[in-house]
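**Student:** File work-v2.cif below, mmCIF, C-alpha atoms:
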```cif
data_data
loop_
_atom_site.label_atom_id
_atom_site.label_comp_id
_atom_site.auth_asym_id
_atom_site.auth_seq_id
_atom_site.Cartn_x
_atom_site.Cartn_y
_atom_site.Cartn_z
CA MET A 1 8.87 35.32 67.02
CA ALA A 2 9.72 31.92 68.35
CA SER A 3 10.57 31.68 71.97
CA ASN A 4 14.19 31.57 73.03
CA VAL A 5 13.49 29.78 76.22
CA ALA A 6 12.57 26.14 76.72
CA ILE A 7 11.91 23.96 79.71
CA ILE A 8 12.43 20.24 80.01
CA GLY A 9 10.71 18.64 82.93
CA ASP A 10 8.57 15.77 83.95
CA GLY A 11 4.81 15.66 83.81
CA GLU A 12 2.49 18.58 84.06
CA ALA A 13 4.67 20.71 86.30
CA VAL A 14 6.04 22.41 83.20
CA LEU A 15 2.61 23.39 81.91
CA ALA A 16 2.51 26.58 83.93
CA PHE A 17 5.53 27.72 81.97
CA ARG A 18 3.80 27.18 78.70
CA ALA A 19 1.33 29.87 79.59
CA ALA A 20 4.27 32.15 80.33
CA GLY A 21 5.61 31.84 76.81
CA VAL A 22 8.20 29.18 77.45
CA ASP A 23 8.32 26.20 75.10
CA THR A 24 7.79 23.06 77.08
CA TYR A 25 9.08 19.54 76.60
CA THR A 26 8.48 16.59 78.81
CA ALA A 27 10.86 13.77 79.49
CA SER A 28 10.28 10.73 81.59
CA ASP A 29 13.87 9.90 82.42
CA ALA A 30 17.36 11.30 82.12
CA GLN A 31 18.07 9.50 78.87
CA SER A 32 15.12 10.97 77.03
CA ALA A 33 15.87 14.35 78.59
CA LYS A 34 19.33 14.08 77.09
CA GLU A 35 17.89 13.41 73.65
CA THR A 36 15.49 16.32 73.91
CA LEU A 37 18.25 18.56 75.17
CA ARG A 38 20.49 17.61 72.28
CA LYS A 39 17.78 18.67 69.86
CA CYS A 40 16.99 21.86 71.75
CA ALA A 41 20.57 22.99 72.21
CA LYS A 42 20.75 24.74 68.85
CA LYS A 43 17.27 26.15 68.86
CA TYR A 44 17.10 27.86 72.22
CA LYS A 45 19.22 30.30 74.13
CA VAL A 46 18.14 29.32 77.61
CA ILE A 47 17.02 25.83 78.51
CA LEU A 48 15.60 25.13 81.92
CA VAL A 49 16.11 21.52 82.90
CA SER A 50 14.68 19.79 85.91
CA ASP A 51 17.49 19.30 88.41
CA VAL A 52 16.75 15.60 88.79
CA PHE A 53 17.87 15.12 85.18
CA CYS A 54 20.77 17.50 85.60
CA LYS A 55 22.15 15.44 88.40
CA GLU A 56 22.19 12.34 86.26
CA LEU A 57 23.59 14.07 83.21
CA ASP A 58 26.19 16.03 85.14
CA GLU A 59 29.22 14.86 83.12
CA TRP A 60 27.48 15.34 79.83
CA LEU A 61 26.33 18.87 80.64
CA LYS A 62 29.91 20.07 81.01
CA ARG A 63 30.24 20.47 77.26
CA PHE A 64 27.86 23.40 77.36
CA LEU A 65 30.38 25.41 79.36
CA GLN A 66 32.50 26.11 76.30
CA ASP A 67 30.20 28.64 74.69
CA ALA A 68 28.09 31.42 76.09
CA TYR A 69 24.91 29.90 74.65
CA PRO A 70 22.88 27.84 75.23
CA VAL A 71 22.58 28.31 78.95
CA ILE A 72 21.40 25.26 80.85
CA VAL A 73 19.71 26.15 84.11
CA PRO A 74 18.77 23.47 86.59
CA VAL A 75 15.38 24.21 88.12
CA PRO A 76 13.74 22.47 91.05
CA THR A 77 10.83 20.14 90.42
CA GLY A 78 7.55 19.96 92.23
CA GLU A 79 9.18 18.07 95.06
CA GLY A 80 11.59 20.91 95.68
CA SER A 81 15.26 21.33 95.00
CA ASN A 82 17.57 18.34 95.21
CA GLY A 83 20.57 20.53 95.96
CA TYR A 84 22.18 20.09 92.57
CA ALA A 85 22.61 23.78 91.89
CA GLU A 86 24.08 24.37 95.32
CA GLU A 87 26.49 21.51 94.84
CA LYS A 88 27.59 22.99 91.52
CA MET A 89 28.19 26.37 93.11
CA LYS A 90 30.30 24.75 95.78
CA GLU A 91 32.29 22.83 93.23
CA GLN A 92 32.97 25.90 91.12
CA MET A 93 33.99 27.88 94.14
CA GLU A 94 36.45 25.27 95.23
CA ARG A 95 37.90 25.00 91.76
CA ALA A 96 38.31 28.71 91.32
CA LEU A 97 39.18 29.97 94.77
CA GLY A 98 40.21 26.89 96.67
CA VAL A 99 38.02 27.94 99.58
CA ASP A 100 34.37 28.05 100.37
CA ILE A 101 33.23 31.62 100.82
CA LEU A 102 29.47 31.11 100.97
CA PHE A 103 28.50 27.93 102.70
CA GLY A 104 31.39 27.58 105.11
CA ARG A 105 29.79 29.48 107.94
CA GLU A 106 26.79 27.23 108.23
CA ASP A 107 28.87 24.11 108.63
CA ARG A 108 30.70 25.37 111.64
CA MET B 1 65.22 21.02 87.88
CA ALA B 2 66.36 19.86 84.54
CA ARG B 3 68.04 22.43 82.37
CA LEU B 4 67.17 22.88 78.75
CA ASN B 5 69.10 20.97 76.17
CA VAL B 6 70.98 23.73 74.36
CA ASN B 7 74.52 24.42 73.27
CA PRO B 8 76.43 26.70 75.66
CA THR B 9 77.05 29.52 73.24
CA ARG B 10 76.69 33.26 73.45
CA MET B 11 73.94 33.13 70.85
CA GLU B 12 71.85 30.75 72.97
CA LEU B 13 72.49 32.83 76.04
CA LYS B 14 71.13 35.90 74.34
CA LYS B 15 68.05 34.05 73.16
CA LEU B 16 67.42 32.61 76.61
CA LYS B 17 67.71 35.97 78.28
CA ALA B 18 65.05 37.33 75.94
CA ARG B 19 62.84 34.35 76.70
CA LEU B 20 63.30 34.80 80.41
CA SER B 21 62.20 38.41 80.33
CA THR B 22 59.15 37.48 78.27
CA ALA B 23 58.29 34.67 80.67
CA VAL B 24 58.62 36.93 83.69
CA ARG B 25 56.44 39.60 82.14
CA GLY B 26 53.87 37.02 81.02
CA HIS B 27 53.81 35.57 84.49
CA LYS B 28 53.14 38.93 86.04
CA LEU B 29 50.35 39.72 83.59
CA LEU B 30 48.68 36.35 84.07
CA LYS B 31 48.89 36.71 87.80
CA ASP B 32 47.17 40.09 87.62
CA LYS B 33 44.51 38.61 85.37
CA SER B 34 43.97 35.80 87.83
CA ASP B 35 43.56 38.24 90.72
CA GLU B 36 40.97 40.27 88.88
CA MET B 37 39.07 37.20 87.74
CA VAL B 38 38.90 35.89 91.27
CA ARG B 39 37.56 39.23 92.45
CA ARG B 40 34.86 39.26 89.78
CA PHE B 41 34.09 35.64 90.50
CA SER B 42 33.51 36.19 94.19
CA VAL B 43 31.14 39.05 93.46
CA LEU B 44 29.24 37.02 90.91
CA ILE B 45 28.95 33.90 92.98
CA ARG B 46 27.38 35.83 95.83
CA GLU B 47 24.86 37.24 93.39
CA ASN B 48 24.34 33.76 91.97
CA ARG B 49 23.56 32.34 95.35
CA ARG B 50 21.13 35.08 96.23
CA LEU B 51 19.25 34.68 92.97
CA ARG B 52 19.29 30.94 93.18
CA LEU B 53 17.71 30.91 96.61
CA GLU B 54 15.15 33.46 95.57
CA VAL B 55 14.20 31.60 92.41
CA GLU B 56 14.04 28.22 94.06
CA LYS B 57 11.77 29.52 96.77
CA GLU B 58 9.48 31.23 94.30
CA MET B 59 9.52 28.25 92.00
CA ALA B 60 8.50 25.87 94.77
CA GLU B 61 5.59 28.12 95.67
CA CYS B 62 4.53 28.41 92.06
CA GLN B 63 4.62 24.68 91.61
CA LYS B 64 2.56 24.22 94.70
CA GLU B 65 -0.05 26.66 93.55
CA PHE B 66 -0.08 25.14 90.15
CA ALA B 67 -0.48 21.64 91.52
CA PHE B 68 -3.42 22.97 93.45
CA ALA B 69 -4.98 24.36 90.30
CA ALA B 70 -4.20 21.23 88.33
CA GLY B 71 -5.80 19.05 90.93
CA LEU B 72 -9.15 20.67 90.37
CA LEU B 73 -9.23 19.84 86.69
CA SER B 74 -8.89 16.85 84.47
CA PRO B 75 -5.49 16.61 82.77
CA GLU B 76 -7.04 17.10 79.33
CA ALA B 77 -8.87 20.26 80.32
CA LEU B 78 -5.70 21.63 81.90
CA LEU B 79 -3.66 20.91 78.81
CA LYS B 80 -6.22 22.60 76.65
CA ALA B 81 -6.53 25.64 78.85
CA LEU B 82 -2.79 26.23 78.96
CA SER B 83 -1.85 25.33 75.44
CA GLN B 84 -1.57 28.93 74.25
CA PRO B 85 0.96 31.30 75.79
CA SER B 86 -0.60 34.44 77.18
CA SER B 87 2.50 36.33 78.09
CA HIS B 88 5.72 36.63 76.30
CA VAL B 89 9.12 37.67 77.49
CA ASP B 90 11.24 39.58 75.06
CA ALA B 91 14.90 39.54 75.77
CA ARG B 92 18.07 40.44 74.01
CA PHE B 93 20.58 37.63 74.08
CA ASP B 94 24.01 39.13 73.89
CA THR B 95 27.44 38.26 75.10
CA GLN B 96 29.69 40.35 77.24
CA ASN B 97 33.34 40.04 77.87
CA ILE B 98 34.54 39.50 81.42
CA MET B 99 38.32 39.27 81.42
CA SER B 100 38.32 37.83 77.89
CA VAL B 101 35.73 35.22 78.70
CA ASP B 102 32.60 35.55 76.60
CA VAL B 103 29.68 35.19 78.95
CA PRO B 104 26.01 35.57 78.13
CA LYS B 105 24.29 38.83 78.77
CA ILE B 106 20.54 38.60 78.81
CA GLU B 107 18.53 41.75 78.86
CA VAL B 108 14.85 41.49 79.38
CA THR B 109 13.43 44.17 77.15
CA ALA B 110 9.71 43.77 77.55
CA GLN B 111 7.31 41.48 79.15
CA GLU B 112 3.89 41.51 77.59
CA SER B 113 0.98 39.90 79.17
CA ASP B 114 -2.46 39.82 77.73
CA GLY B 115 -4.37 38.42 80.62
CA TYR B 116 -4.90 34.73 80.73
CA PRO B 117 -4.71 32.17 77.99
CA TYR B 118 -8.05 30.60 78.82
CA ALA B 119 -11.65 31.52 79.25
CA PHE B 120 -12.63 31.88 82.86
CA SER B 121 -15.19 29.15 82.54
CA GLU B 122 -12.52 26.68 81.58
CA ILE B 123 -10.48 26.75 84.70
CA THR B 124 -10.55 27.71 88.33
CA GLY B 125 -9.24 30.83 89.97
CA GLU B 126 -6.25 29.10 91.47
CA ALA B 127 -4.70 28.82 88.05
CA ASP B 128 -4.72 32.60 87.66
CA TYR B 129 -2.27 33.08 90.48
CA ALA B 130 -0.05 30.26 89.35
CA VAL B 131 0.10 31.46 85.77
CA LYS B 132 0.73 35.05 86.72
CA ARG B 133 3.48 34.20 89.16
CA THR B 134 5.15 31.86 86.76
CA ALA B 135 5.21 34.55 84.10
CA LYS B 136 6.98 36.83 86.54
CA LEU B 137 9.32 34.05 87.53
CA VAL B 138 10.61 33.71 83.99
CA GLU B 139 12.24 37.09 84.21
CA SER B 140 14.25 36.24 87.29
CA LEU B 141 15.05 32.86 85.79
CA LEU B 142 16.66 34.59 82.83
CA ARG B 143 18.70 36.75 85.17
CA LEU B 144 19.76 33.65 87.06
CA ALA B 145 20.69 31.95 83.79
CA GLU B 146 22.99 34.83 82.92
CA VAL B 147 24.76 34.94 86.26
CA GLU B 148 25.02 31.22 86.71
CA LYS B 149 26.58 30.67 83.34
CA ALA B 150 29.03 33.50 83.89
CA VAL B 151 30.09 31.98 87.19
CA ALA B 152 30.54 28.55 85.66
CA MET B 153 32.57 29.85 82.75
CA LEU B 154 34.72 32.03 84.96
CA ALA B 155 35.45 29.10 87.25
CA VAL B 156 36.77 27.09 84.33
CA GLU B 157 38.83 30.00 83.06
CA ILE B 158 40.29 30.76 86.48
CA GLU B 159 41.41 27.18 86.83
CA ARG B 160 42.99 27.20 83.40
CA ASN B 161 44.73 30.47 84.11
CA LYS B 162 46.02 29.22 87.41
CA ARG B 163 47.60 26.29 85.67
CA ARG B 164 49.33 28.63 83.24
CA VAL B 165 50.64 30.83 86.04
CA ASN B 166 51.97 27.81 87.89
CA ALA B 167 53.60 26.36 84.79
CA LEU B 168 55.43 29.61 84.25
CA GLU B 169 56.35 30.14 87.87
CA TYR B 170 57.49 26.65 88.78
CA VAL B 171 58.66 25.16 85.49
CA MET B 172 59.48 27.59 82.74
CA ILE B 173 61.20 30.34 84.71
CA PRO B 174 63.39 28.11 86.93
CA GLN B 175 64.35 26.05 83.90
CA ILE B 176 65.46 29.05 81.92
CA GLU B 177 67.28 30.54 84.87
CA GLU B 178 69.18 27.35 85.44
CA THR B 179 70.14 27.06 81.80
CA ILE B 180 71.38 30.64 81.78
CA LYS B 181 73.49 29.91 84.82
CA TYR B 182 74.88 26.81 83.14
CA ILE B 183 75.78 28.66 79.97
CA THR B 184 77.43 31.58 81.79
CA GLY B 185 79.41 29.10 83.85
CA LYS B 186 80.51 27.23 80.79
CA LEU B 187 81.50 30.40 78.96
CA GLU B 188 83.52 31.67 81.91
CA GLU B 189 85.28 28.36 82.12
CA ASN B 190 86.15 28.56 78.43
CA ASP B 191 87.54 32.03 79.03
CA ARG B 192 89.66 30.83 81.92
CA ALA B 193 90.89 27.87 79.89
CA ALA B 194 91.90 30.21 77.09
CA THR B 195 93.72 32.54 79.49
CA THR B 196 95.66 29.75 81.16
CA ARG B 197 96.56 28.31 77.79
CA LEU B 198 97.91 31.66 76.71
CA MET B 199 99.89 32.06 79.93
CA LYS B 200 101.30 28.59 79.52
CA VAL B 201 102.30 29.25 75.92
CA LYS B 202 103.88 32.54 76.91
CA SER B 203 105.95 30.97 79.68
CA MET B 204 107.06 28.19 77.31
CA MET B 205 108.15 30.78 74.78
CA GLN B 206 110.10 32.71 77.44
CA GLN B 207 111.95 29.58 78.52
CA GLU B 208 113.28 28.93 75.05
#
```
Can the structure in the file be given as structure tokens, please?
**Tutor:**
Amino acid sequence: MASNVAIIGDGEAVLAFRAAGVDTYTASDAQSAKETLRKCAKKYKVILVSDVFCKELDEWLKRFLQDAYPVIVPVPTGEGSNGYAEEKMKEQMERALGVDILFGREDR
Amino acid sequence: MARLNVNPTRMELKKLKARLSTAVRGHKLLKDKSDEMVRRFSVLIRENRRLRLEVEKEMAECQKEFAFAAGLLSPEALLKALSQPSSHVDARFDTQNIMSVDVPKIEVTAQESDGYPYAFSEITGEADYAVKRTAKLVESLLRLAEVEKAVAMLAVEIERNKRRVNALEYVMIPQIEETIKYITGKLEENDRAATTRLMKVKSMMQQE
């Protein structure tokens, strides 16, 4: 059975996932990541995308919110998280609730 | 608030009253839906955050370990050693319905692992840890995928619903109420005009 999970990242950092049964694709910049993602969107259920690319493709990724699948998950790269996922969470919270219920305490 | 452009007749009044009661009921239902969605959302987003932090921490460690392993080998040898998957995650990809939003439901059914994808002579011991941990990580990544998507979809739906509630509360309902008032006023005035006309006619007839 073909895998339902794919990862798009840069360089060899994604190789470890190949051993774990995840299909791996590499992309050097956001534009090529976008192309790869477009091709993968129909084939896979869950696509892990390096958060550096996610940040650049933010607007474009919104279209994937309409259906349950595929799920695009931003994952941190070798250099650690760039805070994209946290930012998204904040944004969603403010849109839905109007207040920050998670991160507010730390700011004060 | 502008009133609707309708003729002040009894027929229209009846129609409007029906519309008003529908609008009020719809408003109440949507408001309840909104409340429940917000409750679910706040539960889910807490879960999302917990998972996210966990995964990011684990992921960073995995990457570090892997970089360590990769550093000890030539890129070609590494590619060759890891080109075949050794473990495989089986999952059922379903959807579930949270307040009429279809969100993904991912159930990890089995995770098979048949050791390592390479011969031990090919690669160093560091890779073992990295590969094993990454395989485990995939499971929590799938869980994160499920929750994160649900949160994102709910956020969109809550916003949309809020707009509907507001449109009903601040536009539709006041508009209809005002139009009803206008029509009742107009009808009463017609009644009064008719009565006075009758009285006038009667008094004219009595004078003759």
**Student:** May I ask for the distance between CA of Tyr170 (chain B) and CA of Arg40 (chain B), given in Å to one decimal place?
**Tutor:**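 Pair CA of Tyr170 (chain B) / CA of Arg40 (chain B) returns 25.9 Å.
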**Student:** Can you list, as a VMD selection string, the residues that the PyMOL selection byres ((chain B and resi 145-153) around 9) selects here?
**Tutor:** (chain A and resid 46 to 48 65 to 69 71 to 73 88 to 89 92 to 93) or (chain B and resid 41 to 42 44 to 45 47 to 49 51 to 52 98 101 to 106 140 to 144 154 to 158)
**Student:** Just to confirm, what's the straight-line distance from CA of Lys181 (chain B) to CA of Ala23 (chain B) in Å (one decimal)?
**Tutor:**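 Pair CA of Lys181 (chain B) / CA of Ala23 (chain B) returns 16.5 Å.
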**Student:** Please write as an mmCIF file with C-alpha atoms, in the frame of the given file the full residue list that the PyMOL selection byres ((chain A) within 10 of (chain B)) yields on this file.
**Tutor:**
```cif
data_model
loop_
_atom_site.group_PDB
_atom_site.id
_atom_site.type_symbol
_atom_site.label_atom_id
_atom_site.label_comp_id
_atom_site.auth_asym_id
_atom_site.auth_seq_id
_atom_site.Cartn_x
_atom_site.Cartn_y
_atom_site.Cartn_z
ATOM 1 C CA MET A 1 8.870 35.320 67.020
ATOM 2 C CA SER A 3 10.570 31.680 71.970
ATOM 3 C CA ASN A 4 14.190 31.570 73.030
ATOM 4 C CA VAL A 5 13.490 29.780 76.220
ATOM 5 C CA GLU A 12 2.490 18.580 84.060
ATOM 6 C CA ALA A 13 4.670 20.710 86.300
ATOM 7 C CA VAL A 14 6.040 22.410 83.200
ATOM 8 C CA LEU A 15 2.610 23.390 81.910
ATOM 9 C CA ALA A 16 2.510 26.580 83.930
ATOM 10 C CA PHE A 17 5.530 27.720 81.970
ATOM 11 C CA ARG A 18 3.800 27.180 78.700
ATOM 12 C CA ALA A 19 1.330 29.870 79.590
ATOM 13 C CA ALA A 20 4.270 32.150 80.330
ATOM 14 C CA GLY A 21 5.610 31.840 76.810
ATOM 15 C CA VAL A 22 8.200 29.180 77.450
ATOM 16 C CA ASP A 23 8.320 26.200 75.100
ATOM 17 C CA LYS A 45 19.220 30.300 74.130
ATOM 18 C CA VAL A 46 18.140 29.320 77.610
ATOM 19 C CA ILE A 47 17.020 25.830 78.510
ATOM 20 C CA LEU A 48 15.600 25.130 81.920
ATOM 21 C CA LYS A 62 29.910 20.070 81.010
ATOM 22 C CA PHE A 64 27.860 23.400 77.360
ATOM 23 C CA LEU A 65 30.380 25.410 79.360
ATOM 24 C CA GLN A 66 32.500 26.110 76.300
ATOM 25 C CA ASP A 67 30.200 28.640 74.690
ATOM 26 C CA ALA A 68 28.090 31.420 76.090
ATOM 27 C CA TYR A 69 24.910 29.900 74.650
ATOM 28 C CA PRO A 70 22.880 27.840 75.230
ATOM 29 C CA VAL A 71 22.580 28.310 78.950
ATOM 30 C CA ILE A 72 21.400 25.260 80.850
ATOM 31 C CA VAL A 73 19.710 26.150 84.110
ATOM 32 C CA PRO A 74 18.770 23.470 86.590
ATOM 33 C CA VAL A 75 15.380 24.210 88.120
ATOM 34 C CA PRO A 76 13.740 22.470 91.050
ATOM 35 C CA THR A 77 10.830 20.140 90.420
ATOM 36 C CA GLY A 78 7.550 19.960 92.230
ATOM 37 C CA GLU A 79 9.180 18.070 95.060
ATOM 38 C CA GLY A 80 11.590 20.910 95.680
ATOM 39 C CA SER A 81 15.260 21.330 95.000
ATOM 40 C CA ALA A 85 22.610 23.780 91.890
ATOM 41 C CA GLU A 86 24.080 24.370 95.320
ATOM 42 C CA LYS A 88 27.590 22.990 91.520
ATOM 43 C CA MET A 89 28.190 26.370 93.110
ATOM 44 C CA LYS A 90 30.300 24.750 95.780
ATOM 45 C CA GLU A 91 32.290 22.830 93.230
ATOM 46 C CA GLN A 92 32.970 25.900 91.120
ATOM 47 C CA MET A 93 33.990 27.880 94.140
ATOM 48 C CA GLU A 94 36.450 25.270 95.230
ATOM 49 C CA ARG A 95 37.900 25.000 91.760
ATOM 50 C CA ALA A 96 38.310 28.710 91.320
ATOM 51 C CA LEU A 97 39.180 29.970 94.770
ATOM 52 C CA GLY A 98 40.210 26.890 96.670
ATOM 53 C CA ILE A 101 33.230 31.620 100.820
ATOM 54 C CA LEU A 102 29.470 31.110 100.970
ATOM 55 C CA PHE A 103 28.500 27.930 102.700
#
```
**Student:** To one decimal in Å, tell me the separation between CA of Ile176 (chain B) and CA of Arg19 (chain B).
**Tutor:** 7.9 Å
**Student:** As a check of understanding, name the residues that the PyMOL selection byres ((chain B and resi 175) around 12) selects in the supplied structure, as a count of residues only.
**Tutor:** 26
**Student:** Find the residue from B:Met199, B:Ile183, B:Val108, B:Gln206 that sits nearest to Arg10 (chain B); use only C-alpha atoms when measuring.
**Tutor:**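 Closest to Arg10 (chain B) of all the choices is B:Ile183.
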